[in-house]
Amino acid sequence: MWVRKNWLAVFSRVGAIVFKELKQLSRDRMTFGMIVMIPMMQLLLFGYAINTDVRHLPVGLINLSQSSQSRDLVAALEASGAVRFKQVYASKAEAEKAITLGESKAVLYIPADFPQRLFSHPNYPGNNNRAAWSHSDPQQPIAQWMVDGSDTMVAASIKALRNFPLAEITGQAYQANPAVLEVVQYFNPEQRSAVNVVPGLLAIILTMTMIMFTAAAIVREREQGNMEFLINTPVQPMELMFGKIVPYVLVGLIQVSIILGIGHVIFHVPVRGGLLTLFAAALLFIFASLTVGMVISTLVKTQLQAMQMTVFILMPSILLSGFMFPYEAMPAPAQYIAEVLPATHFMRLVRGIVLRDASLTGQTFDMVWLLVFTLLGLMFASLRFKKRLD
């Protein structure tokens, strides 16, 4: 009997604590919202937006042949659902510039003698004149793909088109299915994943650390009671924002140096662009990320809530920015969300500078967007910040 009463007392006390925690949790609207929103966001992102199968990839075209056979090839490739031709270039030099600037992931080059290459192929039915094949090579391609090899998933999707059936063009059955479309990979011909991952990892690490550090900065001041000292000073909201941001700018630049230095020494990731250009782009992204942290610090009341909000921003930044999954493979609504995230724009900037030696002038849109995002974020944060204890 005594043991039974003792266990009942234990359950009663534990139950009281459980009730108290549930009651407190229900009053913490931010934490309660994160309990619902984080799993919902992950489910929607992984189930709807994330797609490793790159389909309808926007690509460019150089058609020097302008023949019915070349048009049939373009139509057949689009009908396969693998690519869609969005831009036409006049020369290889123009196409290479577009790939360097990130305007196009791949470009199909169709030579002027495309019909001759097609019908003189050794495997073409009824063709007994093998000498007609200009290079006497049964594997000689009839056209060429120019691909940005720094994006390994996109490059793999284009490489899958090397053995595109010639019957789709001519309507004739071939004796074999040779590699008729040559694939030339720029910037990463060895297809090493580290070349693509390390620059992208820079954006993700900066997103996590810059937002988390800054979001906790003002919240920590409030929790520790240091806000009382700020109340009696002439410090203005915008001045406080800049004062909190500047130290972490230096931290961010140190992280940039560490990540790229280790990536270059250990993983042999090339740094083709200028360091000044790279650090200029990094500064824009650091300020944008710190601004997000400042906005979060004005929305939450505890450091725990600040960490929860950081995770809420970090998850879509990892999944939608192009770090893990191709941006081009995402549905349009997911791309719209990705365009709002600073990580998406910095991902393009850092990969363009580090891997393709792209200039900042060629990536003006991403730079301007980061700058505008920073200014709007600072204005919003300064308007919400109030120099009072509550």
# chains A, B, ... in the order shown; residues from 1 in each chain; ligands from 1
call {"tool": "residues_around", "arguments": {"residues": "Val256 (chain A)", "least_positions_apart": "4", "cutoff": "8 Å", "atoms": "only C-alpha atoms", "output": "number ranges by chain"}}
result
A: 202, 252, 260, 282
call {"tool": "write_last_selection", "arguments": {"atoms": "N, CA and C atoms", "output": "compact mmCIF listing (two decimals), in the first residue's frame"}}
result
# COMPACT_ATOMS: atom_id res chain seq x y z
N LEU A 202 30.68 27.65 -48.63
CA LEU A 202 30.99 28.98 -48.11
C LEU A 202 29.72 29.78 -47.86
N GLY A 252 33.24 37.11 -40.53
CA GLY A 252 32.83 36.51 -41.80
C GLY A 252 33.98 36.46 -42.79
N LEU A 260 38.07 28.86 -48.14
CA LEU A 260 38.69 28.80 -49.46
C LEU A 260 40.14 28.35 -49.38
N ALA A 282 31.75 38.70 -51.14
CA ALA A 282 31.54 38.14 -49.80
C ALA A 282 31.05 39.22 -48.83
call {"tool": "residues_around", "arguments": {"residues": "region 87-102 of chain A", "least_positions_apart": "4", "cutoff": "10 Å", "atoms": "only C-alpha atoms", "output": "number ranges by chain"}}
result
A: 58-64, 106-109, 146-149, 186-187, 348-349, 351-353, 355-363
call {"tool": "write_last_selection", "arguments": {"atoms": "C-alpha atoms", "output": "PDB file, in the first residue's frame"}}
result
ATOM      1  CA  PRO A  58      17.143  25.880 -70.037  1.00  0.00           C
ATOM      2  CA  VAL A  59      20.011  25.766 -72.536  1.00  0.00           C
ATOM      3  CA  GLY A  60      21.386  27.781 -75.455  1.00  0.00           C
ATOM      4  CA  LEU A  61      21.789  26.968 -79.142  1.00  0.00           C
ATOM      5  CA  ILE A  62      24.295  27.666 -81.908  1.00  0.00           C
ATOM      6  CA  ASN A  63      22.797  26.416 -85.177  1.00  0.00           C
ATOM      7  CA  LEU A  64      25.207  27.127 -88.024  1.00  0.00           C
ATOM      8  CA  ALA A 106      24.810  24.375 -71.502  1.00  0.00           C
ATOM      9  CA  VAL A 107      24.850  25.271 -75.199  1.00  0.00           C
ATOM     10  CA  LEU A 108      24.317  22.933 -78.169  1.00  0.00           C
ATOM     11  CA  TYR A 109      26.677  23.633 -81.061  1.00  0.00           C
ATOM     12  CA  MET A 146      29.243  22.962 -74.294  1.00  0.00           C
ATOM     13  CA  VAL A 147      28.524  22.487 -70.582  1.00  0.00           C
ATOM     14  CA  ASP A 148      29.280  24.304 -67.338  1.00  0.00           C
ATOM     15  CA  GLY A 149      31.023  21.422 -65.577  1.00  0.00           C
ATOM     16  CA  TYR A 186      34.212  23.721 -68.947  1.00  0.00           C
ATOM     17  CA  PHE A 187      35.817  24.533 -65.566  1.00  0.00           C
ATOM     18  CA  ARG A 348      25.901  32.276 -58.098  1.00  0.00           C
ATOM     19  CA  LEU A 349      28.439  34.983 -57.336  1.00  0.00           C
ATOM     20  CA  ARG A 351      30.801  29.918 -57.967  1.00  0.00           C
ATOM     21  CA  GLY A 352      31.081  32.316 -60.880  1.00  0.00           C
ATOM     22  CA  ILE A 353      34.104  34.105 -59.413  1.00  0.00           C
ATOM     23  CA  LEU A 355      35.279  28.544 -60.666  1.00  0.00           C
ATOM     24  CA  ARG A 356      34.661  30.529 -63.853  1.00  0.00           C
ATOM     25  CA  ASP A 357      36.571  33.782 -63.236  1.00  0.00           C
ATOM     26  CA  ALA A 358      33.389  35.754 -63.831  1.00  0.00           C
ATOM     27  CA  SER A 359      33.551  39.499 -63.189  1.00  0.00           C
ATOM     28  CA  LEU A 360      31.215  41.362 -60.860  1.00  0.00           C
ATOM     29  CA  THR A 361      30.027  43.527 -63.760  1.00  0.00           C
ATOM     30  CA  GLY A 362      28.739  40.390 -65.435  1.00  0.00           C
ATOM     31  CA  GLN A 363      26.736  39.479 -62.346  1.00  0.00           C
TER      32      GLN A 363
END
call {"tool": "residues_around", "arguments": {"residues": "Ile204 (chain A)", "least_positions_apart": "6", "cutoff": "8 Å", "atoms": "only C-alpha atoms", "output": "PyMOL selection string"}}
result
chain A and resi 314+317-318+343
call {"tool": "closest_residue", "arguments": {"among": "A:Leu276, A:Leu299, A:Met330, A:Val184", "to": "Val219 (chain A)", "atoms": "only C-alpha atoms"}}
result
A:Leu299
call {"tool": "atom_distance", "arguments": {"atom1": "CA of Ala381 (chain A)", "atom2": "CA of Met294 (chain A)"}}
result
6.2 Å
